[in-house]
file query-v8.pdb (PDB, C-alpha atoms)
ATOM      1  CA  MET T   1     -12.835  22.941  -1.191
ATOM      2  CA  ARG T   2     -13.087  20.832   1.975
ATOM      3  CA  PHE T   3     -13.258  17.061   1.936
ATOM      4  CA  LEU T   4     -14.839  15.809   5.154
ATOM      5  CA  LEU T   5     -15.898  12.248   5.828
ATOM      6  CA  ASP T   6     -19.522  11.668   6.740
ATOM      7  CA  ASP T   7     -20.585   9.904   9.938
ATOM      8  CA  GLU T   8     -20.766   6.479   8.294
ATOM      9  CA  GLN T   9     -17.301   6.802   6.775
ATOM     10  CA  ARG T  10     -15.817   7.947  10.094
ATOM     11  CA  ALA T  11     -17.475   5.030  11.871
ATOM     12  CA  PHE T  12     -15.989   2.676   9.273
ATOM     13  CA  ALA T  13     -12.523   4.118   9.900
ATOM     14  CA  HIS T  14     -12.934   3.828  13.670
ATOM     15  CA  SER T  15     -14.089   0.206  13.436
ATOM     16  CA  LEU T  16     -11.078  -0.710  11.299
ATOM     17  CA  ASP T  17      -8.768   1.110  13.695
ATOM     18  CA  ALA T  18     -10.180  -0.878  16.620
ATOM     19  CA  LEU T  19      -9.929  -4.163  14.728
ATOM     20  CA  LEU T  20      -6.307  -3.569  13.734
ATOM     21  CA  THR T  21      -5.268  -2.255  17.143
ATOM     22  CA  ALA T  22      -6.530  -5.464  18.735
ATOM     23  CA  ALA T  23      -4.674  -7.551  16.150
ATOM     24  CA  ASP T  24      -1.169  -6.488  17.317
ATOM     25  CA  THR T  25      -0.077  -5.815  13.742
ATOM     26  CA  PRO T  26       3.653  -5.365  14.522
ATOM     27  CA  SER T  27       3.892  -9.054  15.443
ATOM     28  CA  VAL T  28       1.895  -9.971  12.323
ATOM     29  CA  VAL T  29       4.281  -7.921  10.174
ATOM     30  CA  ARG T  30       7.346  -9.589  11.661
ATOM     31  CA  SER T  31       5.911 -13.068  11.078
ATOM     32  CA  TRP T  32       4.973 -12.157   7.516
ATOM     33  CA  SER T  33       8.486 -10.853   6.875
ATOM     34  CA  ALA T  34       9.875 -14.218   7.993
ATOM     35  CA  GLY T  35       7.620 -16.078   5.556
ATOM     36  CA  ASP T  36       5.065 -17.234   8.126
ATOM     37  CA  HIS T  37       1.652 -16.182   6.798
ATOM     38  CA  THR T  38      -0.548 -17.808   9.451
ATOM     39  CA  ALA T  39      -1.271 -14.685  11.481
ATOM     40  CA  GLY T  40      -1.384 -12.553   8.353
ATOM     41  CA  ARG T  41      -4.019 -14.757   6.720
ATOM     42  CA  ALA T  42      -6.133 -14.677   9.870
ATOM     43  CA  LEU T  43      -5.960 -10.886   9.896
ATOM     44  CA  TRP T  44      -6.727 -10.850   6.150
ATOM     45  CA  SER T  45      -9.955 -12.736   6.850
ATOM     46  CA  ARG T  46     -11.005 -10.228   9.505
ATOM     47  CA  ILE T  47     -10.282  -7.331   7.150
ATOM     48  CA  ALA T  48     -12.362  -9.042   4.471
ATOM     49  CA  ASP T  49     -15.212  -9.595   6.952
ATOM     50  CA  ALA T  50     -15.127  -5.841   7.599
ATOM     51  CA  GLY T  51     -15.907  -5.354   3.892
ATOM     52  CA  VAL T  52     -12.638  -3.799   2.727
ATOM     53  CA  PHE T  53     -12.042  -5.927  -0.372
ATOM     54  CA  ALA T  54     -15.725  -5.848  -1.336
ATOM     55  CA  LEU T  55     -15.358  -2.077  -1.848
ATOM     56  CA  ALA T  56     -13.578  -2.707  -5.168
ATOM     57  CA  VAL T  57     -16.032  -5.357  -6.410
ATOM     58  CA  PRO T  58     -19.409  -4.562  -8.047
ATOM     59  CA  GLU T  59     -22.587  -5.606  -6.272
ATOM     60  CA  ALA T  60     -23.384  -8.032  -9.108
ATOM     61  CA  TYR T  61     -20.435 -10.152  -7.980
ATOM     62  CA  GLU T  62     -20.999 -10.115  -4.206
ATOM     63  CA  GLY T  63     -19.241  -6.820  -3.592
ATOM     64  CA  VAL T  64     -20.545  -3.441  -2.474
ATOM     65  CA  GLY T  65     -18.660  -1.198  -4.898
ATOM     66  CA  PRO T  66     -16.903   0.171  -6.613
ATOM     67  CA  LEU T  67     -16.554   2.739  -3.815
ATOM     68  CA  PRO T  68     -13.165   4.468  -4.181
ATOM     69  CA  VAL T  69     -13.725   7.016  -1.382
ATOM     70  CA  GLU T  70     -14.505   4.306   1.161
ATOM     71  CA  LEU T  71     -11.567   2.302  -0.178
ATOM     72  CA  ALA T  72      -9.282   5.277   0.490
ATOM     73  CA  VAL T  73     -10.688   5.527   4.030
ATOM     74  CA  ALA T  74      -9.912   1.852   4.604
ATOM     75  CA  PHE T  75      -6.394   1.991   3.196
ATOM     76  CA  VAL T  76      -5.448   4.952   5.359
ATOM     77  CA  GLU T  77      -6.193   2.715   8.351
ATOM     78  CA  LEU T  78      -4.334  -0.243   6.827
ATOM     79  CA  GLY T  79      -1.322   2.025   6.372
ATOM     80  CA  ARG T  80      -1.604   3.431   9.888
ATOM     81  CA  HIS T  81      -1.265  -0.113  11.215
ATOM     82  CA  ALA T  82       1.336  -1.291   8.636
ATOM     83  CA  VAL T  83      -0.793  -4.296   7.621
ATOM     84  CA  PRO T  84       1.271  -6.609   5.367
ATOM     85  CA  GLY T  85       0.252  -8.470   2.233
ATOM     86  CA  PRO T  86      -0.805  -7.699  -1.347
ATOM     87  CA  LEU T  87      -3.642  -5.438  -0.231
ATOM     88  CA  VAL T  88      -3.253  -2.975  -3.098
ATOM     89  CA  GLU T  89      -2.974  -5.732  -5.667
ATOM     90  CA  THR T  90      -6.138  -7.439  -4.411
ATOM     91  CA  VAL T  91      -8.244  -4.291  -4.811
ATOM     92  CA  ALA T  92      -6.621  -3.471  -8.167
ATOM     93  CA  ALA T  93      -7.322  -6.939  -9.600
ATOM     94  CA  PRO T  94     -11.107  -6.461 -10.101
ATOM     95  CA  ALA T  95     -10.405  -3.732 -12.677
ATOM     96  CA  LEU T  96      -8.610  -6.369 -14.748
ATOM     97  CA  LEU T  97     -11.432  -8.899 -14.500
ATOM     98  CA  THR T  98     -14.438  -6.983 -15.814
ATOM     99  CA  GLU T  99     -15.336  -9.418 -18.603
ATOM    100  CA  PRO T 100     -18.470 -11.214 -17.329
ATOM    101  CA  GLY T 101     -17.000 -14.698 -17.432
ATOM    102  CA  LEU T 102     -13.865 -13.656 -15.577
ATOM    103  CA  ALA T 103     -15.810 -11.506 -13.133
ATOM    104  CA  LYS T 104     -18.125 -14.380 -12.215
ATOM    105  CA  ARG T 105     -15.154 -16.706 -11.837
ATOM    106  CA  PHE T 106     -12.866 -14.547  -9.696
ATOM    107  CA  LEU T 107     -14.588 -11.516  -8.147
ATOM    108  CA  PRO T 108     -16.705 -13.231  -5.454
ATOM    109  CA  GLY T 109     -13.540 -14.784  -4.004
ATOM    110  CA  LEU T 110     -11.756 -11.449  -4.012
ATOM    111  CA  ALA T 111     -14.681  -9.732  -2.284
ATOM    112  CA  SER T 112     -14.926 -12.392   0.442
ATOM    113  CA  GLY T 113     -11.182 -12.512   1.103
ATOM    114  CA  GLU T 114     -10.928 -16.180   0.114
ATOM    115  CA  THR T 115      -8.766 -15.132  -2.834
ATOM    116  CA  ILE T 116      -5.558 -13.166  -2.319
ATOM    117  CA  ALA T 117      -4.435 -11.607  -5.584
ATOM    118  CA  THR T 118      -1.146 -10.288  -6.806
ATOM    119  CA  VAL T 119      -0.511  -8.500 -10.087
ATOM    120  CA  ALA T 120       2.565  -7.976 -12.234
ATOM    121  CA  LEU T 121       2.079  -5.351 -14.915
ATOM    122  CA  ASP T 122       5.306  -6.336 -16.629
ATOM    123  CA  GLY T 123       4.661 -10.052 -16.422
ATOM    124  CA  SER T 124       7.708 -10.779 -14.269
ATOM    125  CA  TYR T 125       7.642  -9.676 -10.599
ATOM    126  CA  ALA T 126       4.755  -9.430  -8.174
ATOM    127  CA  LEU T 127       4.260  -8.674  -4.497
ATOM    128  CA  ASP T 128       3.868 -11.609  -2.109
ATOM    129  CA  GLY T 129       3.486 -14.286  -4.751
ATOM    130  CA  ASP T 130       4.186 -16.898  -2.077
ATOM    131  CA  ALA T 131       1.087 -15.830  -0.155
ATOM    132  CA  ALA T 132      -1.245 -15.041  -3.069
ATOM    133  CA  THR T 133      -3.704 -17.563  -4.466
ATOM    134  CA  LEU T 134      -4.355 -15.654  -7.700
ATOM    135  CA  HIS T 135      -1.378 -14.513  -9.806
ATOM    136  CA  LEU T 136      -2.202 -12.163 -12.667
ATOM    137  CA  ALA T 137       0.431 -11.187 -15.218
ATOM    138  CA  ILE T 138       0.019  -8.544 -17.929
ATOM    139  CA  GLU T 139       2.285  -8.169 -20.919
ATOM    140  CA  GLY T 140       1.992  -5.005 -22.981
ATOM    141  CA  GLY T 141      -0.988  -3.903 -20.944
ATOM    142  CA  GLU T 142       0.256  -0.539 -19.722
ATOM    143  CA  ASP T 143       1.998   1.039 -22.696
ATOM    144  CA  GLY T 144       1.843  -1.567 -25.402
ATOM    145  CA  GLU T 145       0.290  -0.820 -28.775
ATOM    146  CA  GLY T 146      -2.225  -3.230 -30.250
ATOM    147  CA  GLY T 147      -3.362  -4.530 -26.881
ATOM    148  CA  GLY T 148      -1.891  -6.714 -24.190
ATOM    149  CA  GLU T 149      -2.358 -10.156 -22.703
ATOM    150  CA  LEU T 150      -3.737 -11.039 -19.284
ATOM    151  CA  ARG T 151      -2.661 -14.444 -17.999
ATOM    152  CA  LEU T 152      -2.845 -16.577 -14.930
ATOM    153  CA  ALA T 153       0.771 -16.974 -13.895
ATOM    154  CA  GLN T 154       2.824 -19.236 -11.678
ATOM    155  CA  TRP T 155       5.604 -18.092  -9.402
ATOM    156  CA  HIS T 156       9.055 -19.655  -9.206
ATOM    157  CA  GLY T 157       8.895 -20.395  -5.497
ATOM    158  CA  HIS T 158      11.503 -17.983  -4.197
ATOM    159  CA  GLY T 159      11.138 -14.475  -2.763
ATOM    160  CA  GLN T 160      12.734 -11.940  -5.043
ATOM    161  CA  GLY T 161      13.576  -8.265  -4.781
ATOM    162  CA  GLN T 162      13.744  -5.979  -7.763
ATOM    163  CA  GLY T 163      14.307  -2.444  -8.835
ATOM    164  CA  GLN T 164      14.158   0.484  -6.470
ATOM    165  CA  GLU T 165      12.904  -1.593  -3.518
ATOM    166  CA  GLN T 166      15.853  -3.993  -3.697
ATOM    167  CA  ARG T 167      18.382  -3.738  -0.913
ATOM    168  CA  GLN T 168      20.436  -6.894  -0.582
ATOM    169  CA  GLU T 169      20.624 -10.468  -1.822
ATOM    170  CA  HIS T 170      20.977 -13.645   0.221
ATOM    171  CA  GLY T 171      21.329 -16.580  -2.157
ATOM    172  CA  PRO T 172      18.024 -17.074  -4.006
ATOM    173  CA  VAL T 173      16.190 -14.509  -1.842
ATOM    174  CA  ARG T 174      16.540 -10.772  -2.295
ATOM    175  CA  THR T 175      15.299  -8.674   0.587
ATOM    176  CA  SER T 176      13.129  -5.660  -0.169
ATOM    177  CA  MET T 177      13.669  -2.280   1.446
ATOM    178  CA  ASP T 178      10.556  -3.258   3.405
ATOM    179  CA  PRO T 179      11.022  -6.867   4.592
ATOM    180  CA  ALA T 180       7.236  -7.293   4.717
ATOM    181  CA  ARG T 181       7.024  -6.665   0.963
ATOM    182  CA  ARG T 182       8.199  -9.948  -0.563
ATOM    183  CA  LEU T 183       8.647  -9.566  -4.316
ATOM    184  CA  THR T 184       8.382 -12.836  -6.218
ATOM    185  CA  ARG T 185       9.265 -13.908  -9.723
ATOM    186  CA  LEU T 186       6.375 -14.939 -11.981
ATOM    187  CA  GLN T 187       6.780 -17.351 -14.859
ATOM    188  CA  GLU T 188       6.483 -15.429 -18.101
ATOM    189  CA  ASP T 189       4.690 -18.047 -20.194
ATOM    190  CA  GLY T 190       2.603 -21.168 -19.960
ATOM    191  CA  GLY T 191      -0.186 -19.706 -17.865
ATOM    192  CA  GLU T 192      -3.831 -19.673 -18.900
ATOM    193  CA  LEU T 193      -4.660 -16.793 -21.252
ATOM    194  CA  LEU T 194      -7.590 -14.934 -19.713
ATOM    195  CA  ALA T 195      -7.918 -12.055 -22.162
ATOM    196  CA  ALA T 196      -6.083 -10.393 -25.021
ATOM    197  CA  GLY T 197      -6.472  -7.257 -27.082
ATOM    198  CA  PRO T 198      -6.987  -3.506 -26.599
ATOM    199  CA  GLN T 199      -9.393  -4.109 -23.728
ATOM    200  CA  VAL T 200      -6.496  -5.470 -21.660
ATOM    201  CA  THR T 201      -4.574  -2.245 -22.212
ATOM    202  CA  ALA T 202      -7.567  -0.202 -21.036
ATOM    203  CA  ALA T 203      -8.154  -2.511 -18.071
ATOM    204  CA  ALA T 204      -4.488  -2.325 -17.051
ATOM    205  CA  ALA T 205      -4.614   1.476 -17.057
ATOM    206  CA  HIS T 206      -7.768   1.429 -14.915
ATOM    207  CA  SER T 207      -6.212  -1.101 -12.556
ATOM    208  CA  LEU T 208      -3.140   1.098 -12.232
ATOM    209  CA  THR T 209      -5.353   4.024 -11.183
ATOM    210  CA  TRP T 210      -6.964   1.922  -8.442
ATOM    211  CA  ALA T 211      -3.550   0.685  -7.315
ATOM    212  CA  ARG T 212      -2.152   4.206  -7.106
ATOM    213  CA  LEU T 213      -5.156   5.434  -5.131
ATOM    214  CA  ALA T 214      -4.811   2.619  -2.603
ATOM    215  CA  THR T 215      -1.042   3.145  -2.382
ATOM    216  CA  ALA T 216      -1.524   6.866  -1.773
ATOM    217  CA  ALA T 217      -4.005   6.171   1.029
ATOM    218  CA  GLN T 218      -1.730   3.550   2.547
ATOM    219  CA  ALA T 219       1.208   5.981   2.450
ATOM    220  CA  LEU T 220      -0.842   8.698   4.126
ATOM    221  CA  GLY T 221      -1.700   6.286   6.933
ATOM    222  CA  VAL T 222       1.957   5.307   7.308
ATOM    223  CA  GLY T 223       2.934   8.970   7.559
ATOM    224  CA  LEU T 224       0.275   9.702  10.174
ATOM    225  CA  THR T 225       1.528   6.898  12.425
ATOM    226  CA  LEU T 226       5.136   7.983  12.013
ATOM    227  CA  LEU T 227       4.147  11.500  13.056
ATOM    228  CA  ASP T 228       2.075  10.334  16.039
ATOM    229  CA  ARG T 229       4.830   8.052  17.314
ATOM    230  CA  THR T 230       7.471  10.737  16.901
ATOM    231  CA  VAL T 231       5.406  13.363  18.721
ATOM    232  CA  ALA T 232       4.935  10.922  21.613
ATOM    233  CA  TYR T 233       8.665  10.125  21.645
ATOM    234  CA  VAL T 234       9.917  13.725  21.728
ATOM    235  CA  LYS T 235       7.638  14.390  24.695
ATOM    236  CA  GLN T 236       9.362  11.596  26.615
ATOM    237  CA  ARG T 237      13.006  11.966  25.598
ATOM    238  CA  SER T 238      14.893  14.647  27.528
ATOM    239  CA  GLN T 239      18.078  16.615  26.969
ATOM    240  CA  PHE T 240      19.454  19.300  29.268
ATOM    241  CA  GLY T 241      16.678  18.445  31.700
ATOM    242  CA  VAL T 242      13.765  19.202  29.340
ATOM    243  CA  PRO T 243      11.825  17.195  26.724
ATOM    244  CA  ILE T 244      13.364  17.570  23.255
ATOM    245  CA  GLY T 245       9.860  18.311  21.981
ATOM    246  CA  SER T 246      10.175  21.739  23.562
ATOM    247  CA  PHE T 247      13.038  22.682  21.228
ATOM    248  CA  GLN T 248      12.039  25.080  18.483
ATOM    249  CA  ALA T 249      13.905  23.171  15.773
ATOM    250  CA  VAL T 250      12.095  19.958  16.678
ATOM    251  CA  LYS T 251       8.733  21.721  16.626
ATOM    252  CA  HIS T 252       9.469  23.110  13.160
ATOM    253  CA  ARG T 253      10.375  19.680  11.756
ATOM    254  CA  LEU T 254       7.198  18.137  13.119
ATOM    255  CA  ALA T 255       5.073  21.049  11.931
ATOM    256  CA  ASP T 256       6.477  20.678   8.409
ATOM    257  CA  ALA T 257       5.610  16.965   8.442
ATOM    258  CA  LYS T 258       2.103  17.686   9.719
ATOM    259  CA  VAL T 259       1.474  20.284   7.015
ATOM    260  CA  ALA T 260       2.698  17.933   4.283
ATOM    261  CA  LEU T 261       0.405  15.123   5.440
ATOM    262  CA  GLU T 262      -2.616  17.384   5.842
ATOM    263  CA  PHE T 263      -2.049  18.820   2.375
ATOM    264  CA  ALA T 264      -2.039  15.279   0.957
ATOM    265  CA  ARG T 265      -5.346  14.337   2.583
ATOM    266  CA  PRO T 266      -7.719  16.485   0.430
ATOM    267  CA  LEU T 267      -5.788  15.537  -2.705
ATOM    268  CA  LEU T 268      -6.357  11.874  -1.851
ATOM    269  CA  PHE T 269     -10.095  12.153  -1.288
ATOM    270  CA  GLY T 270     -10.516  14.554  -4.194
ATOM    271  CA  ALA T 271      -8.841  11.996  -6.455
ATOM    272  CA  ALA T 272     -11.080   9.261  -5.037
ATOM    273  CA  LEU T 273     -14.114  11.311  -6.090
ATOM    274  CA  THR T 274     -12.949  11.865  -9.670
ATOM    275  CA  MET T 275     -10.818   8.734 -10.246
ATOM    276  CA  ASP T 276      -9.072  10.740 -12.946
ATOM    277  CA  PRO T 277      -5.631   9.177 -13.581
ATOM    278  CA  ALA T 278      -3.870  12.548 -13.327
ATOM    279  CA  ASP T 279      -5.652  13.408 -10.063
ATOM    280  CA  VAL T 280      -4.765  10.022  -8.611
ATOM    281  CA  ALA T 281      -1.139  10.381  -9.721
ATOM    282  CA  ALA T 282      -0.987  13.792  -8.028
ATOM    283  CA  ALA T 283      -2.434  12.310  -4.843
ATOM    284  CA  LYS T 284       0.043   9.437  -4.904
ATOM    285  CA  VAL T 285       3.137  11.548  -5.364
ATOM    286  CA  THR T 286       1.972  14.032  -2.717
ATOM    287  CA  ALA T 287       1.015  11.421  -0.116
ATOM    288  CA  CYS T 288       4.092   9.273  -0.705
ATOM    289  CA  GLU T 289       6.467  12.237  -0.573
ATOM    290  CA  ALA T 290       4.780  13.470   2.602
ATOM    291  CA  ALA T 291       5.132  10.041   4.202
ATOM    292  CA  TYR T 292       8.774   9.791   3.109
ATOM    293  CA  THR T 293       9.533  13.272   4.496
ATOM    294  CA  THR T 294       7.847  12.320   7.764
ATOM    295  CA  ALA T 295       9.882   9.104   7.877
ATOM    296  CA  ARG T 296      13.117  11.064   7.536
ATOM    297  CA  THR T 297      12.027  13.408  10.322
ATOM    298  CA  ALA T 298      10.996  10.483  12.542
ATOM    299  CA  LEU T 299      14.324   8.764  12.003
ATOM    300  CA  GLN T 300      16.324  11.883  12.819
ATOM    301  CA  LEU T 301      14.353  12.749  15.962
ATOM    302  CA  HIS T 302      14.469   9.200  17.301
ATOM    303  CA  GLY T 303      18.230   9.095  16.953
ATOM    304  CA  ALA T 304      20.094   5.789  16.992
ATOM    305  CA  ILE T 305      17.110   3.764  18.207
ATOM    306  CA  GLY T 306      15.310   4.589  14.964
ATOM    307  CA  TYR T 307      17.857   2.555  13.005
ATOM    308  CA  THR T 308      17.208  -0.691  14.881
ATOM    309  CA  ALA T 309      15.036  -3.320  13.229
ATOM    310  CA  GLU T 310      13.822  -4.497  16.645
ATOM    311  CA  TYR T 311      12.166  -1.141  17.318
ATOM    312  CA  ASP T 312       8.611  -1.064  15.919
ATOM    313  CA  LEU T 313       9.133   2.315  14.269
ATOM    314  CA  SER T 314      11.207   0.545  11.607
ATOM    315  CA  LEU T 315       8.089  -1.224  10.309
ATOM    316  CA  TRP T 316       6.666   2.116   9.198
ATOM    317  CA  LEU T 317       9.984   3.678   8.169
ATOM    318  CA  THR T 318      10.748   0.968   5.637
ATOM    319  CA  LYS T 319       7.181   0.895   4.333
ATOM    320  CA  ALA T 320       7.227   4.639   3.657
ATOM    321  CA  ARG T 321      10.336   4.174   1.525
ATOM    322  CA  ALA T 322       8.932   1.199  -0.366
ATOM    323  CA  LEU T 323       5.533   2.771  -1.108
ATOM    324  CA  ARG T 324       7.248   5.841  -2.549
ATOM    325  CA  THR T 325       8.156   3.907  -5.709
ATOM    326  CA  ALA T 326       5.431   1.234  -5.720
ATOM    327  CA  TRP T 327       3.011   1.476  -8.653
ATOM    328  CA  GLY T 328       4.818   4.464 -10.133
ATOM    329  CA  THR T 329       7.845   6.481  -9.107
ATOM    330  CA  PRO T 330       7.464  10.159  -8.164
ATOM    331  CA  GLY T 331       8.884  11.082 -11.563
ATOM    332  CA  GLU T 332       6.380   8.907 -13.427
ATOM    333  CA  CYS T 333       3.454  10.321 -11.472
ATOM    334  CA  ARG T 334       4.597  13.905 -11.984
ATOM    335  CA  GLU T 335       4.974  13.264 -15.707
ATOM    336  CA  LEU T 336       1.353  12.123 -15.900
ATOM    337  CA  VAL T 337       0.146  15.176 -13.971
ATOM    338  CA  LEU T 338       2.025  17.535 -16.295
ATOM    339  CA  LYS T 339       0.717  16.019 -19.528
TER
END

call {"tool": "encode", "arguments": {"input": "query-v8.pdb", "output": "structure tokens"}}
result
Amino acid sequence: MRFLLDDEQRAFAHSLDALLTAADTPSVVRSWSAGDHTAGRALWSRIADAGVFALAVPEAYEGVGPLPVELAVAFVELGRHAVPGPLVETVAAPALLTEPGLAKRFLPGLASGETIATVALDGSYALDGDAATLHLAIEGGEDGEGGGELRLAQWHGHGQGQGQEQRQEHGPVRTSMDPARRLTRLQEDGGELLAAGPQVTAAAAHSLTWARLATAAQALGVGLTLLDRTVAYVKQRSQFGVPIGSFQAVKHRLADAKVALEFARPLLFGAALTMDPADVAAAKVTACEAAYTTARTALQLHGAIGYTAEYDLSLWLTKARALRTAWGTPGECRELVLK
């Protein structure tokens, strides 16, 4: 089966690509990593004006969705340009806020980009809590029996790193594997209770599916940029008087990366059509592993320059590693597929 975008979807992708190219996203990412959100918020507003966040919000609440295929198209472009911020969390949040009162209260702001959401499924850590304006915490919502609780949460005011993304600690701040992914600690109690019961468990599972789809698309975009930049580099770098891209071993490594990414693409859009949790998990593990494999190839073929934080390639290298375990490790996704 072939999954081809129609003319309108391709035009949407091209318009986002043009918008993000003009935005000089590497400088935005570096500012965001340093805790300066000014440029990132301005870019967030332009992305919202393009209709990206409205894709996850029903028309009844000023959105245009839910449109998971178009959302996947958008997130491939966001990944290609390494856009920072809780993008995945903002499009996953509407699935948690389906009760009419909550939807009316929160969804219009999410669709317009006025609200930046972050979500912690375990009620403790969330992405970019210092930049988000809506902090949602779920306790017992993913696996708990008897239902979970959805609360508005507060964050402790310091960037935190946790789990498989954690790399190093500097006083109260722990740096993520991807410096642009700032993990923050949420307060576990005291926040407003928005919902409780079995419906929270079901909503959390649905939100997780949306988050994994967006993460898979983002990872695919990251991998595509890593491949494009590496192909351009090996055409320029020479050894023994010829470009290293002419070496058979280099061609094989790049071909393997290309095949892995192209294999992930139909899985992604097929999962967007069905929105079956197992299909989405398969797409996530495939896209994230393809991006991670491409990152390893890009790093090797760039040589020592690939290890330097000042070189823009690092912005995509670190993101590929971080997305690999975000919203479900490869093992967790494979377990769901095999059930």

call {"tool": "residues_around", "arguments": {"input": "query-v8.pdb", "residues": "Thr325 of chain T", "least_positions_apart": "4", "cutoff": "10 Å", "atoms": "only C-alpha atoms", "output": "list in words"}}
result
Gly163, Gln164, Glu165, Thr215, Lys284, Val285, Cys288, Glu289, Ala320, Arg321, Thr329, Pro330, Gly331, Glu332 and Cys333 of chain T

call {"tool": "write_last_selection", "arguments": {"input": "query-v8.pdb", "atoms": "C-alpha atoms", "output": "PDB file, in the coordinates of the input"}}
result
ATOM      1  CA  GLY T 163      14.307  -2.444  -8.835  1.00  0.00           C
ATOM      2  CA  GLN T 164      14.158   0.484  -6.470  1.00  0.00           C
ATOM      3  CA  GLU T 165      12.904  -1.593  -3.518  1.00  0.00           C
ATOM      4  CA  THR T 215      -1.042   3.145  -2.382  1.00  0.00           C
ATOM      5  CA  LYS T 284       0.043   9.437  -4.904  1.00  0.00           C
ATOM      6  CA  VAL T 285       3.137  11.548  -5.364  1.00  0.00           C
ATOM      7  CA  CYS T 288       4.092   9.273  -0.705  1.00  0.00           C
ATOM      8  CA  GLU T 289       6.467  12.237  -0.573  1.00  0.00           C
ATOM      9  CA  ALA T 320       7.227   4.639   3.657  1.00  0.00           C
ATOM     10  CA  ARG T 321      10.336   4.174   1.525  1.00  0.00           C
ATOM     11  CA  THR T 329       7.845   6.481  -9.107  1.00  0.00           C
ATOM     12  CA  PRO T 330       7.464  10.159  -8.164  1.00  0.00           C
ATOM     13  CA  GLY T 331       8.884  11.082 -11.563  1.00  0.00           C
ATOM     14  CA  GLU T 332       6.380   8.907 -13.427  1.00  0.00           C
ATOM     15  CA  CYS T 333       3.454  10.321 -11.472  1.00  0.00           C
TER      16      CYS T 333
END

call {"tool": "residues_around", "arguments": {"input": "query-v8.pdb", "residues": "Trp210 of chain T", "least_positions_apart": "5", "cutoff": "12 Å", "atoms": "all atoms listed in the file", "output": "number ranges by chain"}}
result
T: 55-57, 66-69, 71-72, 75, 87-96, 203-205, 215-217, 268, 271-272, 274-277, 279-281, 283-284, 327

call {"tool": "residues_around", "arguments": {"input": "query-v8.pdb", "residues": "Gln9 of chain T", "least_positions_apart": "4", "cutoff": "9 Å", "atoms": "all atoms listed in the file", "output": "list of chain:residue names"}}
result
T:Leu5, T:Ala13, T:His14, T:Val69, T:Glu70, T:Val73

call {"tool": "atom_distance", "arguments": {"input": "query-v8.pdb", "atom1": "atom CA of Ser246 of chain T", "atom2": "atom CA of Ala287 of chain T"}}
result
27.4 Å

call {"tool": "residues_around", "arguments": {"input": "query-v8.pdb", "residues": "Thr286 of chain T", "least_positions_apart": "4", "cutoff": "7 Å", "atoms": "all atoms listed in the file", "output": "number ranges by chain"}}
result
T: 264, 282, 290

call {"tool": "residues_around", "arguments": {"input": "query-v8.pdb", "residues": "Pro26 of chain T", "least_positions_apart": "6", "cutoff": "10 Å", "atoms": "all atoms listed in the file", "output": "number ranges by chain"}}
result
T: 32, 81-84, 311-313, 315-316

call {"tool": "closest_residue", "arguments": {"input": "query-v8.pdb", "among": "T:Ala278, T:Leu254, T:Leu152, T:Ala111", "to": "Val337 of chain T", "atoms": "only C-alpha atoms"}}
result
T:Ala278

call {"tool": "atom_distance", "arguments": {"input": "query-v8.pdb", "atom1": "atom CA of Ala18 of chain T", "atom2": "atom CA of Glu77 of chain T"}}
result
9.9 Å

call {"tool": "atom_distance", "arguments": {"input": "query-v8.pdb", "atom1": "atom CA of Ala202 of chain T", "atom2": "atom CA of Gly328 of chain T"}}
result
17.1 Å

call {"tool": "closest_residue", "arguments": {"input": "query-v8.pdb", "among": "T:Leu20, T:Ala50, T:Leu127, T:Ala120", "to": "Leu183 of chain T", "atoms": "only C-alpha atoms"}}
result
T:Leu127

call {"tool": "closest_residue", "arguments": {"input": "query-v8.pdb", "among": "T:Leu336, T:Val64, T:Leu227, T:Val234", "to": "Thr294 of chain T", "atoms": "all atoms listed in the file"}}
result
T:Leu227

call {"tool": "closest_residue", "arguments": {"input": "query-v8.pdb", "among": "T:Ser15, T:Phe247, T:Ala232, T:Val76", "to": "Arg265 of chain T", "atoms": "only C-alpha atoms"}}
result
T:Val76

call {"tool": "closest_residue", "arguments": {"input": "query-v8.pdb", "among": "T:Gly223, T:Gly270, T:Leu107, T:Arg80", "to": "Gly65 of chain T", "atoms": "all atoms listed in the file"}}
result
T:Leu107

call {"tool": "closest_residue", "arguments": {"input": "query-v8.pdb", "among": "T:Ala291, T:Ala74, T:Arg237, T:Arg151", "to": "Glu262 of chain T", "atoms": "only C-alpha atoms"}}
result
T:Ala291

call {"tool": "resolve_selection", "arguments": {"input": "query-v8.pdb", "expression": "the PyMOL selection byres ((chain T and resi 305-310) around 12)", "output": "NGL selection string"}}
result
:T and (26-27 or 30 or 33 or 177-179 or 226 or 229-230 or 233 or 237 or 295-304 or 311-318)

call {"tool": "resolve_selection", "arguments": {"input": "query-v8.pdb", "expression": "the PyMOL selection byres ((chain T and resi 43) around 9)", "output": "list in words"}}
result
Leu20, Ala23, Thr25, Val28, Thr38, Ala39, Gly40, Arg41, Ala42, Trp44, Ser45, Arg46, Ile47, Ala48 and Val83 of chain T

call {"tool": "axis_aligned_box", "arguments": {"input": "query-v8.pdb", "around": "segment 176-189 of chain T", "padding_each_side": "8 Å", "output": "lines of an AutoDock Vina configuration file"}}
result
center_x = 9.2
center_y = -10.2
center_z = -7.7
size_x = 25.0
size_y = 31.8
size_z = 40.9

call {"tool": "residues_near_point", "arguments": {"input": "query-v8.pdb", "point": "(4.2, -8.7, -5.0)", "cutoff": "12 Å", "atoms": "only C-alpha atoms", "output": "ChimeraX atom specification"}}
result
/T:84-90,116-137,155,158-162,165,176,178-186,322,326-327
